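Q: Hey, dropping upload.cif in here, mmCIF, C-alpha atoms:
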```cif
data_protein
#
loop_
_atom_site.group_PDB
_atom_site.id
_atom_site.type_symbol
_atom_site.label_atom_id
_atom_site.label_comp_id
_atom_site.auth_asym_id
_atom_site.auth_seq_id
_atom_site.Cartn_x
_atom_site.Cartn_y
_atom_site.Cartn_z
ATOM 1 C CA MET G 1 -22.182 -0.906 5.312
ATOM 2 C CA THR G 2 -25.751 0.297 4.912
ATOM 3 C CA ARG G 3 -27.125 2.720 2.345
ATOM 4 C CA GLU G 4 -27.796 5.148 5.201
ATOM 5 C CA GLN G 5 -24.145 5.075 6.223
ATOM 6 C CA VAL G 6 -23.105 5.781 2.641
ATOM 7 C CA ARG G 7 -25.623 8.633 2.524
ATOM 8 C CA GLU G 8 -24.171 10.085 5.729
ATOM 9 C CA LEU G 9 -20.629 9.967 4.326
ATOM 10 C CA THR G 10 -21.773 11.831 1.226
ATOM 11 C CA ARG G 11 -23.740 14.371 3.254
ATOM 12 C CA ALA G 12 -20.717 15.027 5.460
ATOM 13 C CA ARG G 13 -18.595 15.660 2.386
ATOM 14 C CA LEU G 14 -21.282 17.874 0.856
ATOM 15 C CA PHE G 15 -22.350 19.986 3.842
ATOM 16 C CA HIS G 16 -19.579 19.546 6.440
ATOM 17 C CA PRO G 17 -16.253 18.886 4.667
ATOM 18 C CA ALA G 18 -14.410 20.235 7.719
ATOM 19 C CA ALA G 19 -15.656 17.111 9.526
ATOM 20 C CA ILE G 20 -12.783 15.252 7.842
ATOM 21 C CA THR G 21 -10.212 17.637 9.305
ATOM 22 C CA ASP G 22 -11.925 17.413 12.692
ATOM 23 C CA ALA G 23 -11.902 13.603 12.570
ATOM 24 C CA ALA G 24 -8.192 13.609 11.718
ATOM 25 C CA ALA G 25 -7.474 15.918 14.653
ATOM 26 C CA ARG G 26 -9.450 13.654 17.030
ATOM 27 C CA ARG G 27 -7.856 10.426 15.840
ATOM 28 C CA ARG G 28 -5.925 8.611 18.541
ATOM 29 C CA ARG G 29 -2.486 8.086 17.047
ATOM 30 C CA PRO G 30 -0.394 4.967 17.707
ATOM 31 C CA THR G 31 2.708 5.279 19.856
ATOM 32 C CA THR G 32 4.782 3.584 17.124
ATOM 33 C CA PRO G 33 4.140 2.736 13.442
ATOM 34 C CA VAL G 34 4.321 -0.975 14.360
ATOM 35 C CA GLY G 35 2.691 -3.111 17.032
ATOM 36 C CA PRO G 36 3.998 -3.701 20.582
ATOM 37 C CA SER G 37 6.062 -6.644 19.329
ATOM 38 C CA GLY G 38 7.761 -4.540 16.665
ATOM 39 C CA ARG G 39 5.797 -6.280 13.909
ATOM 40 C CA ALA G 40 3.341 -4.693 11.487
ATOM 41 C CA LEU G 41 0.244 -5.815 9.616
ATOM 42 C CA ILE G 42 -0.877 -3.054 7.273
ATOM 43 C CA ILE G 43 -4.060 -3.399 5.224
ATOM 44 C CA ALA G 44 -3.487 -1.949 1.747
ATOM 45 C CA ALA G 45 -6.357 -0.339 -0.164
ATOM 46 C CA ASP G 46 -4.811 2.131 -2.588
ATOM 47 C CA HIS G 47 -5.458 0.056 -5.715
ATOM 48 C CA PRO G 48 -8.614 1.798 -7.023
ATOM 49 C CA ALA G 49 -6.893 5.162 -7.587
ATOM 50 C CA ARG G 50 -4.606 3.485 -10.147
ATOM 51 C CA GLY G 51 -7.579 1.897 -11.884
ATOM 52 C CA ALA G 52 -6.662 -1.551 -10.531
ATOM 53 C CA LEU G 53 -10.063 -2.841 -9.403
ATOM 54 C CA ARG G 54 -9.709 -6.597 -9.886
ATOM 55 C CA ALA G 55 -9.617 -9.010 -6.963
ATOM 56 C CA GLY G 56 -9.330 -12.651 -7.946
ATOM 57 C CA ALA G 57 -11.884 -13.510 -10.621
ATOM 58 C CA HIS G 58 -13.904 -10.325 -10.057
ATOM 59 C CA PRO G 59 -12.769 -7.507 -12.385
ATOM 60 C CA LEU G 60 -14.627 -4.721 -10.541
ATOM 61 C CA ALA G 61 -14.479 -6.025 -6.963
ATOM 62 C CA MET G 62 -12.859 -2.901 -5.537
ATOM 63 C CA ALA G 63 -15.221 -0.580 -7.421
ATOM 64 C CA ASP G 64 -17.974 -1.078 -4.828
ATOM 65 C CA ARG G 65 -16.933 1.514 -2.250
ATOM 66 C CA ALA G 66 -19.479 0.536 0.403
ATOM 67 C CA ASP G 67 -18.353 -3.092 0.196
ATOM 68 C CA LEU G 68 -14.679 -2.096 0.272
ATOM 69 C CA LEU G 69 -15.228 0.084 3.342
ATOM 70 C CA SER G 70 -17.106 -2.713 5.099
ATOM 71 C CA ARG G 71 -14.223 -5.075 4.444
ATOM 72 C CA LEU G 72 -11.669 -2.514 5.594
ATOM 73 C CA CYS G 73 -13.546 -1.815 8.807
ATOM 74 C CA ALA G 74 -13.809 -5.544 9.515
ATOM 75 C CA ALA G 75 -10.080 -6.023 8.889
ATOM 76 C CA LEU G 76 -8.996 -2.989 10.923
ATOM 77 C CA ALA G 77 -11.086 -4.155 13.896
ATOM 78 C CA ARG G 78 -9.165 -7.432 14.215
ATOM 79 C CA PRO G 79 -6.521 -7.719 16.980
ATOM 80 C CA GLY G 80 -2.990 -7.459 15.640
ATOM 81 C CA VAL G 81 -3.750 -5.209 12.673
ATOM 82 C CA THR G 82 -1.456 -2.208 13.075
ATOM 83 C CA GLY G 83 -2.207 0.045 10.113
ATOM 84 C CA VAL G 84 -3.760 0.892 6.791
ATOM 85 C CA LEU G 85 -2.562 2.211 3.437
ATOM 86 C CA GLY G 86 -4.795 4.175 1.083
ATOM 87 C CA THR G 87 -5.494 7.282 -0.937
ATOM 88 C CA ALA G 88 -7.229 10.335 0.503
ATOM 89 C CA ASP G 89 -10.742 9.335 -0.565
ATOM 90 C CA VAL G 90 -10.516 5.964 1.190
ATOM 91 C CA LEU G 91 -8.692 7.187 4.297
ATOM 92 C CA GLU G 92 -11.066 10.106 4.768
ATOM 93 C CA ASP G 93 -14.072 7.789 4.599
ATOM 94 C CA LEU G 94 -12.400 5.666 7.275
ATOM 95 C CA LEU G 95 -11.739 8.770 9.368
ATOM 96 C CA LEU G 96 -15.411 9.725 9.192
ATOM 97 C CA LEU G 97 -16.326 6.173 10.207
ATOM 98 C CA GLY G 98 -13.992 6.332 13.207
ATOM 99 C CA ALA G 99 -12.036 3.282 12.040
ATOM 100 C CA LEU G 100 -8.477 4.646 12.299
ATOM 101 C CA ASP G 101 -7.973 5.151 16.031
ATOM 102 C CA GLY G 102 -4.694 3.631 17.174
ATOM 103 C CA LYS G 103 -3.709 2.605 13.642
ATOM 104 C CA ALA G 104 -0.621 3.689 11.711
ATOM 105 C CA VAL G 105 -1.915 5.450 8.603
ATOM 106 C CA PHE G 106 0.104 5.569 5.385
ATOM 107 C CA GLY G 107 -1.076 7.734 2.509
ATOM 108 C CA SER G 108 -0.471 6.658 -1.081
ATOM 109 C CA MET G 109 1.461 9.334 -2.969
ATOM 110 C CA ASN G 110 1.838 8.340 -6.627
ATOM 111 C CA ARG G 111 -1.057 6.769 -8.537
ATOM 112 C CA GLY G 112 -0.526 8.412 -11.935
ATOM 113 C CA GLY G 113 0.909 5.282 -13.549
ATOM 114 C CA LEU G 114 -2.523 3.934 -14.382
ATOM 115 C CA ALA G 115 -2.730 0.157 -14.658
ATOM 116 C CA GLY G 116 -2.350 -0.898 -18.297
ATOM 117 C CA ALA G 117 -1.504 2.577 -19.619
ATOM 118 C CA ASP G 118 1.231 3.072 -22.203
ATOM 119 C CA TRP G 119 2.848 5.538 -19.772
ATOM 120 C CA GLU G 120 2.390 3.301 -16.722
ATOM 121 C CA VAL G 121 6.050 3.467 -15.718
ATOM 122 C CA ASP G 122 5.819 7.291 -15.583
ATOM 123 C CA ASP G 123 4.108 7.143 -12.211
ATOM 124 C CA ARG G 124 3.267 10.772 -11.403
ATOM 125 C CA PHE G 125 2.589 11.906 -7.858
ATOM 126 C CA THR G 126 -1.153 12.497 -7.929
ATOM 127 C CA GLY G 127 -1.962 11.633 -4.312
ATOM 128 C CA TYR G 128 -0.663 12.748 -0.942
ATOM 129 C CA THR G 129 2.274 15.099 -0.458
ATOM 130 C CA ALA G 130 4.527 15.008 2.605
ATOM 131 C CA HIS G 131 2.917 18.260 3.752
ATOM 132 C CA GLY G 132 -0.590 16.841 3.329
ATOM 133 C CA LEU G 133 0.309 13.714 5.285
ATOM 134 C CA ALA G 134 1.774 15.760 8.129
ATOM 135 C CA ARG G 135 -1.268 18.059 8.161
ATOM 136 C CA SER G 136 -3.536 15.014 8.495
ATOM 137 C CA GLY G 137 -1.446 13.644 11.362
ATOM 138 C CA PHE G 138 -0.627 10.434 9.507
ATOM 139 C CA GLU G 139 2.441 8.258 10.058
ATOM 140 C CA GLY G 140 3.907 8.033 6.574
ATOM 141 C CA GLY G 141 3.611 7.942 2.812
ATOM 142 C CA LYS G 142 3.953 5.140 0.296
ATOM 143 C CA MET G 143 5.229 5.291 -3.268
ATOM 144 C CA LEU G 144 5.425 2.765 -6.097
ATOM 145 C CA LEU G 145 8.626 2.676 -8.169
ATOM 146 C CA ARG G 146 8.733 0.644 -11.386
ATOM 147 C CA LEU G 147 12.186 0.543 -13.014
ATOM 148 C CA ASP G 148 11.961 -0.179 -16.749
ATOM 149 C CA TYR G 149 15.482 -0.016 -18.143
ATOM 150 C CA ALA G 150 14.086 0.234 -21.684
ATOM 151 C CA ASP G 151 11.848 3.249 -20.956
ATOM 152 C CA ASP G 152 13.486 6.608 -20.251
ATOM 153 C CA ARG G 153 10.310 7.797 -18.506
ATOM 154 C CA THR G 154 11.545 5.734 -15.560
ATOM 155 C CA ALA G 155 14.013 8.509 -14.740
ATOM 156 C CA ARG G 156 11.234 10.972 -13.935
ATOM 157 C CA THR G 157 9.564 8.594 -11.471
ATOM 158 C CA LEU G 158 12.930 7.770 -9.915
ATOM 159 C CA GLU G 159 13.668 11.455 -9.385
ATOM 160 C CA HIS G 160 10.234 12.209 -7.947
ATOM 161 C CA CYS G 161 10.418 9.245 -5.560
ATOM 162 C CA ALA G 162 13.818 10.453 -4.324
ATOM 163 C CA ARG G 163 12.333 13.898 -3.697
ATOM 164 C CA ALA G 164 9.378 12.397 -1.813
ATOM 165 C CA VAL G 165 11.691 10.300 0.386
ATOM 166 C CA ALA G 166 13.648 13.429 1.256
ATOM 167 C CA ASP G 167 10.489 15.445 1.969
ATOM 168 C CA LEU G 168 9.078 12.726 4.217
ATOM 169 C CA ALA G 169 12.360 12.396 6.106
ATOM 170 C CA GLU G 170 12.451 16.149 6.712
ATOM 171 C CA THR G 171 8.840 16.022 7.918
ATOM 172 C CA GLY G 172 9.594 13.141 10.293
ATOM 173 C CA LEU G 173 7.361 10.632 8.494
ATOM 174 C CA VAL G 174 7.977 7.099 7.221
ATOM 175 C CA ALA G 175 8.685 6.731 3.495
ATOM 176 C CA MET G 176 7.476 3.319 2.308
ATOM 177 C CA VAL G 177 8.945 2.528 -1.123
ATOM 178 C CA GLU G 178 7.625 -0.367 -3.229
ATOM 179 C CA PRO G 179 10.204 -0.996 -5.993
ATOM 180 C CA PHE G 180 10.155 -3.392 -8.935
ATOM 181 C CA VAL G 181 12.295 -3.947 -11.987
ATOM 182 C CA SER G 182 9.607 -4.001 -14.680
ATOM 183 C CA ARG G 183 9.620 -4.985 -18.340
ATOM 184 C CA ARG G 184 7.340 -5.227 -21.368
ATOM 185 C CA PRO G 185 8.203 -8.798 -22.448
ATOM 186 C CA ASP G 186 5.842 -8.677 -25.438
ATOM 187 C CA GLY G 187 7.356 -5.474 -26.797
ATOM 188 C CA PRO G 188 6.663 -1.721 -26.655
ATOM 189 C CA GLY G 189 3.061 -0.800 -25.991
ATOM 190 C CA GLN G 190 2.330 -4.194 -24.430
ATOM 191 C CA GLY G 191 1.691 -5.014 -20.774
ATOM 192 C CA LEU G 192 4.182 -3.962 -18.102
ATOM 193 C CA ARG G 193 5.224 -6.918 -15.944
ATOM 194 C CA ASN G 194 7.234 -6.986 -12.738
ATOM 195 C CA ASP G 195 10.359 -9.163 -12.791
ATOM 196 C CA LEU G 196 10.259 -11.279 -9.633
ATOM 197 C CA SER G 197 13.599 -13.013 -10.098
ATOM 198 C CA ILE G 198 15.898 -12.797 -7.087
ATOM 199 C CA GLU G 199 18.389 -10.704 -9.056
ATOM 200 C CA SER G 200 15.786 -8.125 -10.084
ATOM 201 C CA VAL G 201 14.055 -7.905 -6.696
ATOM 202 C CA THR G 202 17.429 -7.453 -5.001
ATOM 203 C CA ARG G 203 18.482 -4.802 -7.508
ATOM 204 C CA ALA G 204 15.209 -2.917 -7.044
ATOM 205 C CA ALA G 205 15.623 -3.029 -3.258
ATOM 206 C CA THR G 206 19.130 -1.584 -3.352
ATOM 207 C CA ILE G 207 18.102 1.219 -5.712
ATOM 208 C CA ALA G 208 15.107 2.142 -3.544
ATOM 209 C CA ALA G 209 17.206 2.050 -0.368
ATOM 210 C CA GLY G 210 19.536 4.693 -1.775
ATOM 211 C CA LEU G 211 16.871 7.276 -2.618
ATOM 212 C CA GLY G 212 16.722 10.684 -0.989
ATOM 213 C CA SER G 213 18.951 12.743 1.275
ATOM 214 C CA SER G 214 18.275 10.458 4.245
ATOM 215 C CA SER G 215 17.179 6.833 4.618
ATOM 216 C CA ALA G 216 16.558 7.210 8.353
ATOM 217 C CA ARG G 217 12.794 6.799 7.941
ATOM 218 C CA THR G 218 12.665 4.678 4.769
ATOM 219 C CA TRP G 219 10.927 1.302 4.689
ATOM 220 C CA LEU G 220 10.851 -1.086 1.745
ATOM 221 C CA LYS G 221 7.768 -2.959 0.538
ATOM 222 C CA LEU G 222 8.859 -6.072 -1.331
ATOM 223 C CA PRO G 223 7.224 -9.164 -2.867
ATOM 224 C CA ALA G 224 7.498 -12.538 -1.166
ATOM 225 C CA ILE G 225 9.794 -14.555 -3.413
ATOM 226 C CA GLU G 226 11.934 -17.613 -2.859
ATOM 227 C CA ASP G 227 15.087 -16.988 -0.811
ATOM 228 C CA MET G 228 14.033 -13.722 0.831
ATOM 229 C CA GLU G 229 17.082 -14.109 3.047
ATOM 230 C CA ARG G 230 19.295 -13.159 0.093
ATOM 231 C CA VAL G 231 17.071 -10.241 -0.879
ATOM 232 C CA ALA G 232 16.794 -8.927 2.678
ATOM 233 C CA ALA G 233 20.573 -9.193 3.106
ATOM 234 C CA ALA G 234 20.998 -6.350 0.590
ATOM 235 C CA THR G 235 19.858 -3.660 3.066
ATOM 236 C CA THR G 236 19.304 -2.890 6.733
ATOM 237 C CA LEU G 237 16.094 -0.933 6.039
ATOM 238 C CA PRO G 238 12.887 -2.190 7.672
ATOM 239 C CA THR G 239 10.942 -4.228 5.131
ATOM 240 C CA VAL G 240 7.309 -5.256 4.831
ATOM 241 C CA ILE G 241 6.122 -8.034 2.544
ATOM 242 C CA LEU G 242 3.361 -7.262 0.063
ATOM 243 C CA GLY G 243 0.515 -9.642 -0.680
ATOM 244 C CA GLY G 244 -0.006 -9.283 -4.426
ATOM 245 C CA GLU G 245 -2.911 -10.812 -6.302
ATOM 246 C CA VAL G 246 -5.521 -12.971 -4.594
ATOM 247 C CA ALA G 247 -4.000 -16.448 -4.488
ATOM 248 C CA ALA G 248 -5.815 -19.447 -5.939
ATOM 249 C CA ASP G 249 -4.187 -21.482 -3.145
ATOM 250 C CA PRO G 250 -4.356 -19.375 0.057
ATOM 251 C CA GLU G 251 -2.470 -21.937 2.143
ATOM 252 C CA ALA G 252 0.483 -21.775 -0.252
ATOM 253 C CA ALA G 253 0.395 -17.973 -0.061
ATOM 254 C CA TYR G 254 0.408 -18.037 3.748
ATOM 255 C CA ALA G 255 3.357 -20.444 3.731
ATOM 256 C CA ARG G 256 5.228 -18.137 1.336
ATOM 257 C CA TRP G 257 4.563 -15.129 3.575
ATOM 258 C CA ALA G 258 5.674 -17.043 6.668
ATOM 259 C CA LYS G 259 8.981 -17.909 5.000
ATOM 260 C CA ALA G 260 9.452 -14.334 3.810
ATOM 261 C CA LEU G 261 8.967 -13.043 7.378
ATOM 262 C CA GLU G 262 12.040 -14.898 8.673
ATOM 263 C CA PRO G 263 14.885 -12.434 7.823
ATOM 264 C CA PRO G 264 15.746 -10.027 10.658
ATOM 265 C CA THR G 265 15.020 -6.918 8.581
ATOM 266 C CA VAL G 266 11.485 -8.024 7.662
ATOM 267 C CA ILE G 267 9.093 -6.425 10.149
ATOM 268 C CA GLY G 268 5.702 -7.485 8.815
ATOM 269 C CA LEU G 269 3.125 -7.580 6.045
ATOM 270 C CA ALA G 270 1.378 -4.947 3.924
ATOM 271 C CA VAL G 271 -1.428 -6.880 2.253
ATOM 272 C CA GLY G 272 -4.588 -5.762 0.485
ATOM 273 C CA ARG G 273 -6.685 -7.872 -1.847
ATOM 274 C CA SER G 274 -5.556 -11.227 -0.460
ATOM 275 C CA LEU G 275 -7.018 -10.331 2.941
ATOM 276 C CA LEU G 276 -9.902 -8.096 1.863
ATOM 277 C CA TYR G 277 -11.187 -10.483 -0.837
ATOM 278 C CA PRO G 278 -10.093 -14.000 0.229
ATOM 279 C CA ALA G 279 -11.288 -16.981 -1.774
ATOM 280 C CA ASP G 280 -13.795 -17.992 0.945
ATOM 281 C CA ASP G 281 -14.852 -14.336 1.485
ATOM 282 C CA ASP G 282 -14.119 -14.596 5.228
ATOM 283 C CA VAL G 283 -12.164 -11.374 5.830
ATOM 284 C CA GLU G 284 -11.822 -11.835 9.590
ATOM 285 C CA ALA G 285 -10.433 -15.368 9.288
ATOM 286 C CA ALA G 286 -7.942 -14.324 6.590
ATOM 287 C CA VAL G 287 -6.722 -11.407 8.693
ATOM 288 C CA ASP G 288 -6.429 -13.561 11.801
ATOM 289 C CA THR G 289 -4.332 -16.069 9.863
ATOM 290 C CA ALA G 290 -2.009 -13.271 8.732
ATOM 291 C CA VAL G 291 -1.742 -11.978 12.312
ATOM 292 C CA GLY G 292 -0.779 -15.486 13.368
ATOM 293 C CA LEU G 293 2.145 -15.485 10.957
ATOM 294 C CA LEU G 294 3.659 -12.547 12.831
#
```
Could you show the structure in this file as structure tokens?
A:
Amino acid sequence: MTREQVRELTRARLFHPAAITDAAARRRRPTTPVGPSGRALIIAADHPARGALRAGAHPLAMADRADLLSRLCAALARPGVTGVLGTADVLEDLLLLGALDGKAVFGSMNRGGLAGADWEVDDRFTGYTAHGLARSGFEGGKMLLRLDYADDRTARTLEHCARAVADLAETGLVAMVEPFVSRRPDGPGQGLRNDLSIESVTRAATIAAGLGSSSARTWLKLPAIEDMERVAAATTLPTVILGGEVAADPEAAYARWAKALEPPTVIGLAVGRSLLYPADDDVEAAVDTAVGLL
């Protein structure tokens, strides 16, 4: 992305903010939130709003907005990519760039649990609302749900996620829930870590599946762990596999995703940094490999 393109985005926001609304109204919407084969490849880019800017060995990789947008546009242009996940600032830039036609768009709803914060598990809804997503003509909303059994602030996030699932269902939009059982293994005030054992991932999935007054439009977003068959057997909800951190061994990561895609309830991938910032920096090749797994 050139400096002139960045300047034009800023000028549109400054002098013609209604251009964002106009671009959303013009966007060609997909006929379904997945591809023709019933499989999905969603490019995730909602990390910066939580202060999570690292990609691989680069601590501020996602802080360069022009570079991030260039990578997103390259990824979204590849055949087989069905959608994107982001916060309003990212999605509205992509709208202005005309990059969202035909793509399923999922807005990130809760980013208040800032990465590394003492209150991280208290993940307030600071992003999209169900009403805002519907007004923009998007296909759904995504929420992160960390379940720390030793932190009573978990209850607030649990309640707010349940309310968001209900609101999205009433609005006719997909609710994508990304649940983890999380712990602070080094004690209070230390880093929050997700427990990726089969027992904890399964427990998180069943809790998330039961949120809200209807699960008719709920999807789960789960990590690729060993024996996904057992995890996926815990629910009939459509499930997408998340990518996680940039892998030191991409081939091993691809093999893990391929295995995780086998259960009948798993409908695709929702991957961000691993495809946007691959080890060889070839975004198109990384995306094409992921498409091939579907």
Q: Can you pull out every residue within 12 Å of Met228 (chain G), counting only C-alpha atoms, but drop anything in the same chain fewer than 2 positions away, and send it as JSON, numbers by chain?
A: {"G": [196, 197, 198, 199, 201, 202, 205, 222, 223, 224, 225, 226, 230, 231, 232, 233, 234, 235, 239, 240, 241, 256, 257, 258, 259, 260, 261, 262, 263, 264, 265, 266]}
Q: What is the CA of Glu120 (chain G)-CA of Ala44 (chain G) distance in Å, reported with one decimal?
A: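 Atom-to-atom, CA of Glu120 (chain G) and CA of Ala44 (chain G) are spaced 20.1 Å apart.
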Q: Spell out the residues picked by the PyMOL selection byres ((chain G and resi 89) around 12) here, as number ranges by chain.
A: G: 9-10, 13, 20, 45-49, 65, 69, 85-88, 90-96, 107-108, 127-128
Q: Taking into account all atoms listed in the file, which residue in the set G:Glu178, G:Asp281, G:Glu139, G:Asp122 is nearest to Glu159 (chain G)?
A: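 Under the stated criterion, the closest residue is G:Asp122.
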Q: Contacts of Phe106 (chain G) at 12 Å or less, counting all atoms listed in the file, minus same-chain residues fewer than 3 places along, as a PyMOL selection string?
A: chain G and resi 33-34+42-46+82-88+90-91+100+103+109+127-130+132-134+136-143+168+173-177+219+270
